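Undergrad: Dropping a structure here in structure tokens format, bear with me for questions.
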Amino acid sequence: MRILFVIFLFTVWVFGSNIIIEDNDISYENFEINFYQDKSKKLSLEDIQNIKEFQKVNNNIALGKQEGNIWLHFSIKNSTQKIQKRVLFMTEPNLWDIELFIIADKKIISTQIVGQNILSKDGKIASFYPELEINLEAGESIDIYIRSFSPFNHTFKVVVPTNKDLIKYKILKNSLLSLYFGAIGALLLYNLFIYFSIRDKNYLLYIGFVFFYLLAQVQLTTPFNSLFTSMQTTFAIASVHIFWIAFHTLFSVKLLNIKEYYPRLGQYLLYTGYFLLALSFYGIFNLEIAIQIIHPIMIVLPFVLLFTAIVLHIKKNKLAIFYIVAQTLFLTSSLIFGLLFAGILEYSNLTRYIHLVGSFSEIILFSFALGYKTRLVMQENQKQKELVDEYSKFSFLGQTVINIYHQWKSPVNNIYNSINHIETAKEFNDKELDAIIDENLKEIKDNTQYLKETTSSYLNYYKGMDQTKSKFNLKDEIVQILKLHQKEFDKYKININLECNNDLYLILPKNIFTNIIIILIENNINIFKQRNIQSPKIDIKIIKINDNISIKIHDNAGGIVLKNINDIFEKNHSISNSTGLGLFLAKDFLIPKLKGNLEAKNIEDGAMFIITL
Amino acid sequence: MKDLTLFKNLNVLYVDDDPIACEKLKKILVYYFSKVYIANSAEKAMNFYKKGRCNLLLVDYDMPIMTGADFLHEIRKTNTTIPAVIISSYDDKEKLFNAIELQLVSYLVKPYSMDELKTVFYKVLDWIDDKGLLEKVLGDNILYNYSTKKINNNSEEITLSPSEFKILEILLNNEKRLINYEELMDSIGENCTHKSLVNQMHKLKKKIGVDIIKNVKDLGYILSR
């Protein structure tokens with residue numbers, strides 16, 4: 001058997017025909033090809049035709065980087081009684097410099113030159129599939145020579161299909177690619193939509209990453225470059241690959257919150273991302289240098305990110321698992337693709353297209369991760385909001401207690417003094433004891449009455465934190481609040497100037513409104529106390545503009561001395577004698593319930609708080 | 001010595017921006033002190049302090065324009081010995097901290113009971129004793145200082161012998177009560193005779209300058225101012 005086989009091989013060798021057409025409708029997708037490497041790049045077609053010492057390879061070419069010209073040769077023989085039509089076709093649209101020759105009877109019948117490095121007759125880049133028609137008379141035999149030159153790699157498949165099969169192949173490939181790019185495009189639009197609805201910067205990075213990936217793959221997998229007329233343009237476009245990696249890096253850092261776990265590493269990775277972004281722009285003008293710089297980064301960076309993700313997963317980062325799976329799939333498929341281009345793996349549909357599957361998995365997993373992250377953030381926000389709500393209720397209770405305490409100070413002191421007076425008079429056997437007791441009892445009664453009144457009015461304000469709307473007269477309400485603080489106004493000789501029309505009404509949850517005013521007035525009093533202002537005054541001006549009511553509360557206490565005036569509404573900005581939450585609650589908790597606006601300004605010699613409702 | 005009636009020799013100045021509180025506490029203070037001055041602001045209080053004879057300062061902390069602490073700070077520049085008590089509405093630490101350098105006798109938190117007020121009074125007594133500030137009025141511009149054991153007559157200092165101030169202190173501490181000869185003689189020393197007691201008493205009366213010690217024939221002496 002073995003001997004027979006050797007003899008068979010020998011006959012093939014002698015006859016020199018790699019493909020013998022024996023039937024009408026057969027496409028040839030697996031056959032042997034003679035291979036010769038001309039390192040000098042000087043040999044002409046004639047020289048090659050005279051060479052006998054070809055190597056045998058199959059038609060799946062994956063040679064990696066090779067010096068000089070690669071020459072491929074095979075012959076086709078028509079052993080049928082009919083004319084046979086076939087197509088000489090190569091499966092890659094973006095080869096560098098390819099020349100096809102069909103030779104019969106030592107004469108060149110047809111020839112074609114294509115490649116990214118070649119300009120075709122119409123002035124455009126000849127970056128399309130190498131394709132030549134073959135017509136064979138009955139019994140005719142032809143020789144096919146292919147010259148391939150590339151500074152990068154030689155990766156393609158040579159086939160000799162029937163026209164029908166080629167069309168089928170092209171349709172299938174185009175539809176699969178369209179489906180692929182369409183799916184990515186849809187994902188892109190979907191995330192763009194989400195970005196515009198929630199304005200989360202993570203989405204923007206994701207969109208950048210997917211967009212540049214899409215461009216890079218279109219350039220790599222389709223005859224995209226043949227749309228352009230100059231090499232520079234395609235070079236500039238090739239920088240999208242670097243953009244893609246830059247966005248990938250930035251997105252990874254943000255998605256995994258690396259900075260939260262490892263601030264320094266996170267910062268370095270961010271810097272790397274920014275550097276890559278800068279490099280991408282540089283790549284538009286000088287791709288070659290950019291590529292040289294990016295190569296070492298590209299080898300290390302994905303593994304650093306993957307390793308970080310694994311560590312973060314151990315540290316209970318919920319998103320890390322998405323990242324690990326995505327990155328593993330991507331890296332594995334990219335590795336296969338890389339090995340193919342390096343000439344280590346054989347060319348096949350699997351090795352050639354698996355990275356598309358890997359990348360797609362990555363893109364879609366990242367999208368899931370992003371959605372999941374948004375959900376986590378929203379849950380967190382919801383929790384936070386509930387917490388603030390709960391907290392606010394407590395601090396209102398606290399604030400109310402403090403308010404009552406302020407109002408109670410002097411009456412309670414009076415009551416004590418009355419008791420002390422009676423006690424002392426008794427101790428000293430005062431003859432007027434009866435009169436003293438009567439006098440003090442009256443005072444105790446009066447003061448107790450006052451305690452009762454202040455408590456109930458404050459508790460009314462507190463109790464009414466519900467949101468039932470009621471119509472009330474604005475001026476009356478403000479006068480009421482001012483009355484509550486009359487003692488303090490008297491004590492510090494604060495001059496109150498209220499400017500408000502009698503006929504202004506509001507329909508709002510009343511107590512929420514009054515609490516805001518109380519907070520602002522108390523803030524004023526506290527500032528006057530703190531800064532020891534000589535002739536303190538508060539101007540309250542209420543005006544109606546169209547449908548809006550604007551309440552301006554202006555003091556002369558010197559104004560807000562913070563660098564950023566609106567920091568006064570921050571939670572930790574506290575004024576003594578209070579819970580320190582007043583303004584924060586007013587701005588972040590109360591005002592939103594009224595759908596209004598509260599802002600602070602420095603005007604003249606003091607601060608002005610403006611409520612717009 | 002620990003007798004609040006000693007306050008009857010002292011004047012107190014109470015400063016509080018709340019006029020009602022001022023009036024009320026004054027009614028209580030008059031039982032204990034010789035004179036009670038009240039002021040509604042630190043400025044007015046400063047006037048009282050400069051004009052009158054003040055032996056104790058009760059100061060409300062929380063006052064507009066010039067706080068009690070500021071006021072005491074001003075006082076302490078010229079007088080480091082006068083007892084001072086801060087009365088405040090809150091018992092917060094920051095204010096206590098500010099008050100350290102004011103060398104307060106004590107700190108009183110409003111509202112306070114009579115017991116708390118008395119506790120402070122006793123502390124004031126201790127302070128007065130420690131600083132040698134306790135004085136008794138013997139007559140117009142005539143003071144006896146327990147610590148220096150000297151009589152101050154119109155700023156002129158008169159030294160007393162040990163027997164003399166012992167007699168005077170017994171009589172002062174038992175004002176308007178008859179002290180018999182034996183008791184006085186025992187306090188001076190074992191070898192004191194009736195004759196030497198009368199002798200000492202004569203010298204003492206001369207040094208006091210006003211006739212506040214009366215003799216009750218055959219029984220003893222009585223001091224009444």
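If you're wondering about the labels, chains in the structure tokens are A, B, ... by order shown, residues count from 1 in each chain, ligands from 1 in order shown.
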Within 8 Å of chain B, which residues of chain A are there when counting only C-alpha atoms? Please give them as a VMD selection string.

TA: chain A and resid 409 to 410 412 to 414 416 to 418 420 to 421 423 to 425 428 491 to 492 529 532 to 534

Undergrad: Could you name the residues that touch Leu204 in chain B at 10 Å or less, counting only C-alpha atoms, but leaving out those on the same chain fewer than 4 positions away, as a ChimeraX atom specification?

TA: /B:160-161,163-165,167-168,198-200,208-209,213

Undergrad: Any chance you could export the current selection's N, CA and C atoms as an mmCIF file, in the first residue's frame?

TA:
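Final output, result34.cif:
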data_model
loop_
_atom_site.group_PDB
_atom_site.id
_atom_site.type_symbol
_atom_site.label_atom_id
_atom_site.label_comp_id
_atom_site.auth_asym_id
_atom_site.auth_seq_id
_atom_site.Cartn_x
_atom_site.Cartn_y
_atom_site.Cartn_z
ATOM 1 N N LEU B 160 -3.078 95.006 114.431
ATOM 2 C CA LEU B 160 -3.635 94.567 115.710
ATOM 3 C C LEU B 160 -2.714 93.533 116.342
ATOM 4 N N SER B 161 -2.669 93.503 117.663
ATOM 5 C CA SER B 161 -1.891 92.457 118.343
ATOM 6 C C SER B 161 -2.697 91.166 118.302
ATOM 7 N N SER B 163 -3.816 89.225 120.622
ATOM 8 C CA SER B 163 -4.935 89.222 121.555
ATOM 9 C C SER B 163 -6.070 90.067 121.018
ATOM 10 N N GLU B 164 -5.702 91.199 120.444
ATOM 11 C CA GLU B 164 -6.734 92.125 119.959
ATOM 12 C C GLU B 164 -7.566 91.496 118.834
ATOM 13 N N PHE B 165 -6.859 90.916 117.818
ATOM 14 C CA PHE B 165 -7.690 90.381 116.713
ATOM 15 C C PHE B 165 -8.448 89.129 117.104
ATOM 16 N N ILE B 167 -9.911 88.737 120.028
ATOM 17 C CA ILE B 167 -11.129 89.272 120.659
ATOM 18 C C ILE B 167 -12.083 89.768 119.577
ATOM 19 N N LEU B 168 -11.552 90.549 118.641
ATOM 20 C CA LEU B 168 -12.404 91.156 117.613
ATOM 21 C C LEU B 168 -13.106 90.082 116.784
ATOM 22 N N VAL B 198 -9.571 93.751 129.957
ATOM 23 C CA VAL B 198 -10.140 95.103 129.869
ATOM 24 C C VAL B 198 -9.135 96.026 129.200
ATOM 25 N N ASN B 199 -7.872 95.814 129.549
ATOM 26 C CA ASN B 199 -6.806 96.610 128.961
ATOM 27 C C ASN B 199 -6.741 96.454 127.440
ATOM 28 N N GLN B 200 -6.737 95.185 127.045
ATOM 29 C CA GLN B 200 -6.699 94.885 125.589
ATOM 30 C C GLN B 200 -7.908 95.493 124.894
ATOM 31 N N ILE B 208 -10.217 100.685 116.583
ATOM 32 C CA ILE B 208 -11.377 100.630 115.686
ATOM 33 C C ILE B 208 -11.872 102.048 115.385
ATOM 34 N N GLY B 209 -11.908 102.854 116.371
ATOM 35 C CA GLY B 209 -12.249 104.251 116.143
ATOM 36 C C GLY B 209 -13.733 104.542 116.219
ATOM 37 N N ILE B 213 -18.331 98.192 120.093
ATOM 38 C CA ILE B 213 -18.267 97.195 121.154
ATOM 39 C C ILE B 213 -18.772 97.832 122.454
#

Undergrad: As number ranges by chain, please: the residues near Ile610 in chain A (cut-off 9 Å, only C-alpha atoms, same-chain neighbours under 4 positions excluded).

TA: A: 550-554, 597-601

Undergrad: Provide the CA of Tyr107 in chain B to CA of Val85 in chain B distance in Å, to one decimal place.

TA: 5.7 Å

Undergrad: Run DSSP on the backbone and give me the residues of chain B it puts in strand (DSSP E or B), as number ranges by chain.

TA: B: 11-15, 35-39, 56-60, 84-88, 106-109, 135-139, 142-145, 150-153, 156-159, 179-180, 213-216, 220-223

Undergrad: As a PyMOL selection string, list the residues of range 3-125 of chain B assigned to alpha helix (DSSP H) by DSSP on the backbone atoms of this structure.

TA: chain B and resi 19-32+42-51+68-78+93-99+114-125

Undergrad: Using N, CA and C atoms, can you write the selected residues to a file as a short mmCIF file (atom, residue, chain, number, x, y, z; two decimals), in the first residue's frame?

TA:
data_model
loop_
_atom_site.label_atom_id
_atom_site.label_comp_id
_atom_site.auth_asym_id
_atom_site.auth_seq_id
_atom_site.Cartn_x
_atom_site.Cartn_y
_atom_site.Cartn_z
N PRO B 19 -33.36 91.36 81.40
CA PRO B 19 -33.72 92.19 82.55
C PRO B 19 -34.59 91.45 83.56
N ILE B 20 -35.44 90.52 83.06
CA ILE B 20 -36.29 89.78 84.00
C ILE B 20 -35.42 88.92 84.91
N ALA B 21 -34.46 88.24 84.30
CA ALA B 21 -33.57 87.39 85.08
C ALA B 21 -32.82 88.22 86.12
N CYS B 22 -32.41 89.43 85.72
CA CYS B 22 -31.69 90.32 86.64
C CYS B 22 -32.54 90.64 87.86
N GLU B 23 -33.76 91.07 87.59
CA GLU B 23 -34.64 91.47 88.69
C GLU B 23 -34.91 90.31 89.64
N LYS B 24 -35.12 89.12 89.01
CA LYS B 24 -35.47 87.97 89.83
C LYS B 24 -34.32 87.54 90.73
N LEU B 25 -33.15 87.49 90.16
CA LEU B 25 -32.02 87.03 90.97
C LEU B 25 -31.67 88.07 92.04
N LYS B 26 -31.89 89.34 91.69
CA LYS B 26 -31.60 90.41 92.66
C LYS B 26 -32.41 90.20 93.94
N LYS B 27 -33.68 89.83 93.73
CA LYS B 27 -34.56 89.62 94.88
C LYS B 27 -34.01 88.53 95.81
N ILE B 28 -33.34 87.57 95.23
CA ILE B 28 -32.75 86.51 96.04
C ILE B 28 -31.44 86.96 96.68
N LEU B 29 -30.63 87.65 95.86
CA LEU B 29 -29.29 88.04 96.33
C LEU B 29 -29.35 89.02 97.50
N VAL B 30 -30.40 89.86 97.53
CA VAL B 30 -30.45 90.87 98.61
C VAL B 30 -30.53 90.22 99.98
N TYR B 31 -31.01 88.99 100.05
CA TYR B 31 -31.06 88.32 101.34
C TYR B 31 -29.66 88.03 101.87
N TYR B 32 -28.73 87.82 100.94
CA TYR B 32 -27.38 87.39 101.34
C TYR B 32 -26.36 88.50 101.39
N ALA B 42 -22.54 94.47 79.54
CA ALA B 42 -21.17 94.49 80.04
C ALA B 42 -20.69 95.93 80.25
N GLU B 43 -21.14 96.84 79.36
CA GLU B 43 -20.71 98.24 79.48
C GLU B 43 -21.18 98.85 80.80
N LYS B 44 -22.49 98.63 81.06
CA LYS B 44 -23.04 99.18 82.31
C LYS B 44 -22.35 98.54 83.51
N ALA B 45 -22.10 97.26 83.40
CA ALA B 45 -21.46 96.54 84.50
C ALA B 45 -20.09 97.13 84.78
N MET B 46 -19.39 97.50 83.72
CA MET B 46 -18.06 98.07 83.87
C MET B 46 -18.13 99.37 84.67
N ASN B 47 -19.18 100.15 84.42
CA ASN B 47 -19.36 101.40 85.17
C ASN B 47 -19.54 101.13 86.65
N PHE B 48 -20.43 100.17 86.95
CA PHE B 48 -20.67 99.81 88.35
C PHE B 48 -19.38 99.37 89.01
N TYR B 49 -18.66 98.55 88.28
CA TYR B 49 -17.43 97.99 88.82
C TYR B 49 -16.44 99.09 89.16
N LYS B 50 -16.36 100.09 88.27
CA LYS B 50 -15.38 101.15 88.48
C LYS B 50 -15.79 102.09 89.62
N LYS B 51 -17.10 102.33 89.69
CA LYS B 51 -17.58 103.28 90.70
C LYS B 51 -17.68 102.66 92.09
N GLY B 68 -19.95 87.77 78.48
CA GLY B 68 -19.50 87.73 79.86
C GLY B 68 -18.02 87.44 79.94
N ALA B 69 -17.55 86.55 79.05
CA ALA B 69 -16.14 86.19 79.05
C ALA B 69 -15.27 87.40 78.71
N ASP B 70 -15.72 88.15 77.70
CA ASP B 70 -14.97 89.36 77.31
C ASP B 70 -14.89 90.34 78.48
N PHE B 71 -16.04 90.49 79.15
CA PHE B 71 -16.12 91.41 80.27
C PHE B 71 -15.12 91.01 81.37
N LEU B 72 -15.15 89.71 81.72
CA LEU B 72 -14.25 89.24 82.77
C LEU B 72 -12.79 89.35 82.34
N HIS B 73 -12.56 89.14 81.08
CA HIS B 73 -11.21 89.27 80.56
C HIS B 73 -10.68 90.68 80.82
N GLU B 74 -11.56 91.62 80.58
CA GLU B 74 -11.23 93.03 80.80
C GLU B 74 -10.93 93.28 82.29
N ILE B 75 -11.80 92.74 83.15
CA ILE B 75 -11.64 92.91 84.60
C ILE B 75 -10.31 92.31 85.07
N ARG B 76 -10.01 91.11 84.56
CA ARG B 76 -8.83 90.38 85.01
C ARG B 76 -7.53 91.11 84.68
N LYS B 77 -7.59 92.04 83.73
CA LYS B 77 -6.38 92.79 83.39
C LYS B 77 -5.91 93.61 84.58
N THR B 78 -6.88 94.09 85.38
CA THR B 78 -6.50 94.94 86.51
C THR B 78 -6.69 94.25 87.85
N LYS B 93 -18.75 72.54 76.23
CA LYS B 93 -17.34 72.49 76.61
C LYS B 93 -16.54 73.67 76.09
N GLU B 94 -16.89 74.09 74.89
CA GLU B 94 -16.12 75.15 74.25
C GLU B 94 -16.06 76.38 75.16
N LYS B 95 -17.23 76.68 75.74
CA LYS B 95 -17.28 77.88 76.57
C LYS B 95 -16.50 77.70 77.86
N LEU B 96 -16.57 76.51 78.42
CA LEU B 96 -15.79 76.22 79.63
C LEU B 96 -14.32 76.39 79.33
N PHE B 97 -13.94 75.94 78.16
CA PHE B 97 -12.55 76.02 77.74
C PHE B 97 -12.09 77.47 77.66
N ASN B 98 -12.96 78.30 77.07
CA ASN B 98 -12.65 79.73 76.96
C ASN B 98 -12.52 80.38 78.33
N ALA B 99 -13.20 79.75 79.30
CA ALA B 99 -13.27 80.39 80.61
C ALA B 99 -12.09 80.05 81.51
N MET B 114 -31.64 76.57 94.12
CA MET B 114 -31.05 77.31 95.24
C MET B 114 -29.84 76.56 95.79
N ASP B 115 -29.95 75.23 95.80
CA ASP B 115 -28.84 74.43 96.33
C ASP B 115 -27.57 74.64 95.50
N GLU B 116 -27.77 74.65 94.19
CA GLU B 116 -26.61 74.88 93.32
C GLU B 116 -26.02 76.26 93.56
N LEU B 117 -26.92 77.23 93.71
CA LEU B 117 -26.45 78.60 93.93
C LEU B 117 -25.66 78.69 95.24
N LYS B 118 -26.18 78.00 96.25
CA LYS B 118 -25.49 78.04 97.56
C LYS B 118 -24.13 77.35 97.49
N THR B 119 -24.09 76.24 96.76
CA THR B 119 -22.81 75.56 96.58
C THR B 119 -21.78 76.52 96.00
N VAL B 120 -22.23 77.30 95.02
CA VAL B 120 -21.33 78.29 94.43
C VAL B 120 -20.95 79.33 95.47
N PHE B 121 -21.91 79.75 96.28
CA PHE B 121 -21.62 80.75 97.32
C PHE B 121 -20.53 80.25 98.26
N TYR B 122 -20.62 78.98 98.65
CA TYR B 122 -19.60 78.43 99.54
C TYR B 122 -18.23 78.42 98.88
N LYS B 123 -18.24 78.12 97.61
CA LYS B 123 -16.96 78.15 96.88
C LYS B 123 -16.39 79.56 96.85
N VAL B 124 -17.30 80.54 96.73
CA VAL B 124 -16.85 81.93 96.74
C VAL B 124 -16.22 82.25 98.10
N LEU B 125 -16.87 81.76 99.11
CA LEU B 125 -16.32 81.98 100.46
C LEU B 125 -14.90 81.44 100.57
#

Undergrad: What is the CA of Thr221 in chain A-CA of Thr234 in chain A distance in Å, reported with one decimal?

TA: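 Straight-line distance from CA of Thr221 in chain A to CA of Thr234 in chain A works out to 13.8 Å.
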
Undergrad: Measure the distance from CA of Trp244 in chain A to CA of Met298 in chain A in Å and round it to one decimal.

TA: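 Distance between the two atoms: 11.5 Å.
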
Undergrad: Got a sec: who's within 10 Å of Asn286 in chain A, counting only C-alpha atoms, leaving out chain neighbours fewer than 3 positions off, as a ChimeraX atom specification?

TA: /A:232,235-236,239,279-283,289-291

Undergrad: Residues within 10 Å of Asn173 in chain B, please, as a list in words. Count only C-alpha atoms; anything in the same chain fewer than 5 positions from it doesn't count.

TA: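 The residues that qualify are Met1, Asp3, Thr5, Leu6, Leu168 and Leu223 of chain B.
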
Undergrad: Extract, using only C-alpha atoms, all DNA, RNA and protein residues at most 10 Å from range 304-319 of chain A, discarding same-chain residues fewer than 3 positions from it, and format them as number ranges by chain.

TA: A: 249, 252-253, 255-258, 261-262, 265-266, 269, 299-301, 322-328, 331, 366, 368-370, 372-373, 376

Undergrad: Please write the residues from the selection above to a file, keeping N, CA and C atoms, as a PDB file, in the first residue's frame.

TA:
ATOM      1  N   THR A 249      -8.779  50.428  27.890  1.00  0.00           N
ATOM      2  CA  THR A 249      -8.066  50.582  29.160  1.00  0.00           C
ATOM      3  C   THR A 249      -8.831  51.499  30.116  1.00  0.00           C
ATOM      4  N   SER A 252     -11.929  49.884  31.386  1.00  0.00           N
ATOM      5  CA  SER A 252     -11.654  48.828  32.371  1.00  0.00           C
ATOM      6  C   SER A 252     -11.414  49.431  33.753  1.00  0.00           C
ATOM      7  N   VAL A 253     -10.599  50.499  33.790  1.00  0.00           N
ATOM      8  CA  VAL A 253     -10.273  51.119  35.079  1.00  0.00           C
ATOM      9  C   VAL A 253     -11.540  51.630  35.756  1.00  0.00           C
ATOM     10  N   LEU A 255     -14.737  50.767  35.063  1.00  0.00           N
ATOM     11  CA  LEU A 255     -15.733  49.725  35.327  1.00  0.00           C
ATOM     12  C   LEU A 255     -15.425  49.004  36.626  1.00  0.00           C
ATOM     13  N   LEU A 256     -14.146  48.699  36.812  1.00  0.00           N
ATOM     14  CA  LEU A 256     -13.758  47.903  37.981  1.00  0.00           C
ATOM     15  C   LEU A 256     -13.511  48.757  39.213  1.00  0.00           C
ATOM     16  N   ASN A 257     -13.637  50.083  39.080  1.00  0.00           N
ATOM     17  CA  ASN A 257     -13.361  50.984  40.208  1.00  0.00           C
ATOM     18  C   ASN A 257     -11.992  50.700  40.804  1.00  0.00           C
ATOM     19  N   ILE A 258     -11.009  50.452  39.961  1.00  0.00           N
ATOM     20  CA  ILE A 258      -9.690  50.043  40.466  1.00  0.00           C
ATOM     21  C   ILE A 258      -9.167  51.061  41.477  1.00  0.00           C
ATOM     22  N   TYR A 261      -9.915  50.525  45.089  1.00  0.00           N
ATOM     23  CA  TYR A 261      -9.215  49.452  45.780  1.00  0.00           C
ATOM     24  C   TYR A 261      -7.713  49.728  45.855  1.00  0.00           C
ATOM     25  N   TYR A 262      -7.170  50.119  44.719  1.00  0.00           N
ATOM     26  CA  TYR A 262      -5.733  50.423  44.653  1.00  0.00           C
ATOM     27  C   TYR A 262      -5.558  51.784  43.993  1.00  0.00           C
ATOM     28  N   LEU A 265      -2.381  52.142  41.629  1.00  0.00           N
ATOM     29  CA  LEU A 265      -2.459  51.340  40.413  1.00  0.00           C
ATOM     30  C   LEU A 265      -3.509  51.937  39.478  1.00  0.00           C
ATOM     31  N   GLY A 266      -4.652  52.282  40.074  1.00  0.00           N
ATOM     32  CA  GLY A 266      -5.738  52.866  39.279  1.00  0.00           C
ATOM     33  C   GLY A 266      -5.270  54.113  38.562  1.00  0.00           C
ATOM     34  N   LEU A 269      -2.887  53.229  35.726  1.00  0.00           N
ATOM     35  CA  LEU A 269      -3.605  52.677  34.574  1.00  0.00           C
ATOM     36  C   LEU A 269      -4.351  53.770  33.833  1.00  0.00           C
ATOM     37  N   ILE A 299       1.196  44.043  24.907  1.00  0.00           N
ATOM     38  CA  ILE A 299       1.474  42.689  25.383  1.00  0.00           C
ATOM     39  C   ILE A 299       1.257  42.607  26.894  1.00  0.00           C
ATOM     40  N   VAL A 300       1.656  43.663  27.622  1.00  0.00           N
ATOM     41  CA  VAL A 300       1.606  43.622  29.088  1.00  0.00           C
ATOM     42  C   VAL A 300       0.227  44.014  29.622  1.00  0.00           C
ATOM     43  N   LEU A 301      -0.320  45.081  29.042  1.00  0.00           N
ATOM     44  CA  LEU A 301      -1.519  45.718  29.610  1.00  0.00           C
ATOM     45  C   LEU A 301      -2.699  44.777  29.830  1.00  0.00           C
ATOM     46  N   PHE A 322     -17.415  39.441  35.582  1.00  0.00           N
ATOM     47  CA  PHE A 322     -17.752  39.769  34.195  1.00  0.00           C
ATOM     48  C   PHE A 322     -16.480  40.057  33.410  1.00  0.00           C
ATOM     49  N   TYR A 323     -15.656  40.861  34.063  1.00  0.00           N
ATOM     50  CA  TYR A 323     -14.452  41.304  33.395  1.00  0.00           C
ATOM     51  C   TYR A 323     -13.509  40.138  33.125  1.00  0.00           C
ATOM     52  N   ILE A 324     -13.386  39.246  34.130  1.00  0.00           N
ATOM     53  CA  ILE A 324     -12.471  38.108  33.985  1.00  0.00           C
ATOM     54  C   ILE A 324     -12.905  37.233  32.807  1.00  0.00           C
ATOM     55  N   VAL A 325     -14.203  36.892  32.772  1.00  0.00           N
ATOM     56  CA  VAL A 325     -14.711  36.040  31.695  1.00  0.00           C
ATOM     57  C   VAL A 325     -14.505  36.729  30.348  1.00  0.00           C
ATOM     58  N   ALA A 326     -14.909  37.990  30.278  1.00  0.00           N
ATOM     59  CA  ALA A 326     -14.818  38.726  29.017  1.00  0.00           C
ATOM     60  C   ALA A 326     -13.375  38.815  28.542  1.00  0.00           C
ATOM     61  N   GLN A 327     -12.517  39.181  29.471  1.00  0.00           N
ATOM     62  CA  GLN A 327     -11.131  39.404  29.103  1.00  0.00           C
ATOM     63  C   GLN A 327     -10.451  38.081  28.728  1.00  0.00           C
ATOM     64  N   THR A 328     -10.838  37.000  29.437  1.00  0.00           N
ATOM     65  CA  THR A 328     -10.256  35.692  29.115  1.00  0.00           C
ATOM     66  C   THR A 328     -10.658  35.258  27.713  1.00  0.00           C
ATOM     67  N   LEU A 331      -8.833  37.500  25.253  1.00  0.00           N
ATOM     68  CA  LEU A 331      -7.397  37.237  25.153  1.00  0.00           C
ATOM     69  C   LEU A 331      -7.120  35.905  24.468  1.00  0.00           C
ATOM     70  N   PHE A 366     -19.212  43.197  28.602  1.00  0.00           N
ATOM     71  CA  PHE A 366     -18.963  44.526  29.173  1.00  0.00           C
ATOM     72  C   PHE A 366     -20.269  45.300  29.268  1.00  0.00           C
ATOM     73  N   PHE A 368     -23.216  44.002  29.641  1.00  0.00           N
ATOM     74  CA  PHE A 368     -23.945  43.444  30.797  1.00  0.00           C
ATOM     75  C   PHE A 368     -23.381  44.030  32.086  1.00  0.00           C
ATOM     76  N   ALA A 369     -22.046  44.019  32.153  1.00  0.00           N
ATOM     77  CA  ALA A 369     -21.388  44.499  33.373  1.00  0.00           C
ATOM     78  C   ALA A 369     -21.778  45.945  33.652  1.00  0.00           C
ATOM     79  N   LEU A 370     -21.829  46.715  32.580  1.00  0.00           N
ATOM     80  CA  LEU A 370     -22.165  48.133  32.720  1.00  0.00           C
ATOM     81  C   LEU A 370     -23.590  48.285  33.231  1.00  0.00           C
ATOM     82  N   TYR A 372     -25.206  46.092  34.899  1.00  0.00           N
ATOM     83  CA  TYR A 372     -25.235  45.607  36.278  1.00  0.00           C
ATOM     84  C   TYR A 372     -24.695  46.661  37.230  1.00  0.00           C
ATOM     85  N   LYS A 373     -23.628  47.317  36.772  1.00  0.00           N
ATOM     86  CA  LYS A 373     -23.028  48.356  37.599  1.00  0.00           C
ATOM     87  C   LYS A 373     -24.022  49.488  37.834  1.00  0.00           C
ATOM     88  N   LEU A 376     -26.405  48.458  40.367  1.00  0.00           N
ATOM     89  CA  LEU A 376     -25.821  48.518  41.710  1.00  0.00           C
ATOM     90  C   LEU A 376     -25.783  49.945  42.222  1.00  0.00           C
TER      91      LEU A 376
END

Undergrad: Pick the closest to Tyr461 in chain A from A:Phe196, A:Phe209, A:Phe396, A:Tyr169: which is it, counting only C-alpha atoms?

TA: A:Phe396

Undergrad: Taking 6 positions as the minimum chain separation for residues in the same chain, which residues sit within 7 Å of Met185 in chain B when counting only C-alpha atoms? Answer as a list in words.

TA: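 Surrounding residues, per the criterion: Cys192, Thr193 and Leu197 of chain B.
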
Undergrad: Selected residues, N, CA and C atoms, written as an mmCIF file, in the first residue's frame, please.

TA:
data_model
loop_
_atom_site.group_PDB
_atom_site.id
_atom_site.type_symbol
_atom_site.label_atom_id
_atom_site.label_comp_id
_atom_site.auth_asym_id
_atom_site.auth_seq_id
_atom_site.Cartn_x
_atom_site.Cartn_y
_atom_site.Cartn_z
ATOM 1 N N CYS B 192 -4.316 84.900 131.129
ATOM 2 C CA CYS B 192 -4.970 86.185 130.920
ATOM 3 C C CYS B 192 -5.878 86.491 132.113
ATOM 4 N N THR B 193 -5.723 87.655 132.616
ATOM 5 C CA THR B 193 -6.571 88.053 133.746
ATOM 6 C C THR B 193 -7.655 88.981 133.266
ATOM 7 N N LEU B 197 -7.638 91.743 130.079
ATOM 8 C CA LEU B 197 -8.681 91.725 129.036
ATOM 9 C C LEU B 197 -9.260 93.119 128.840
#
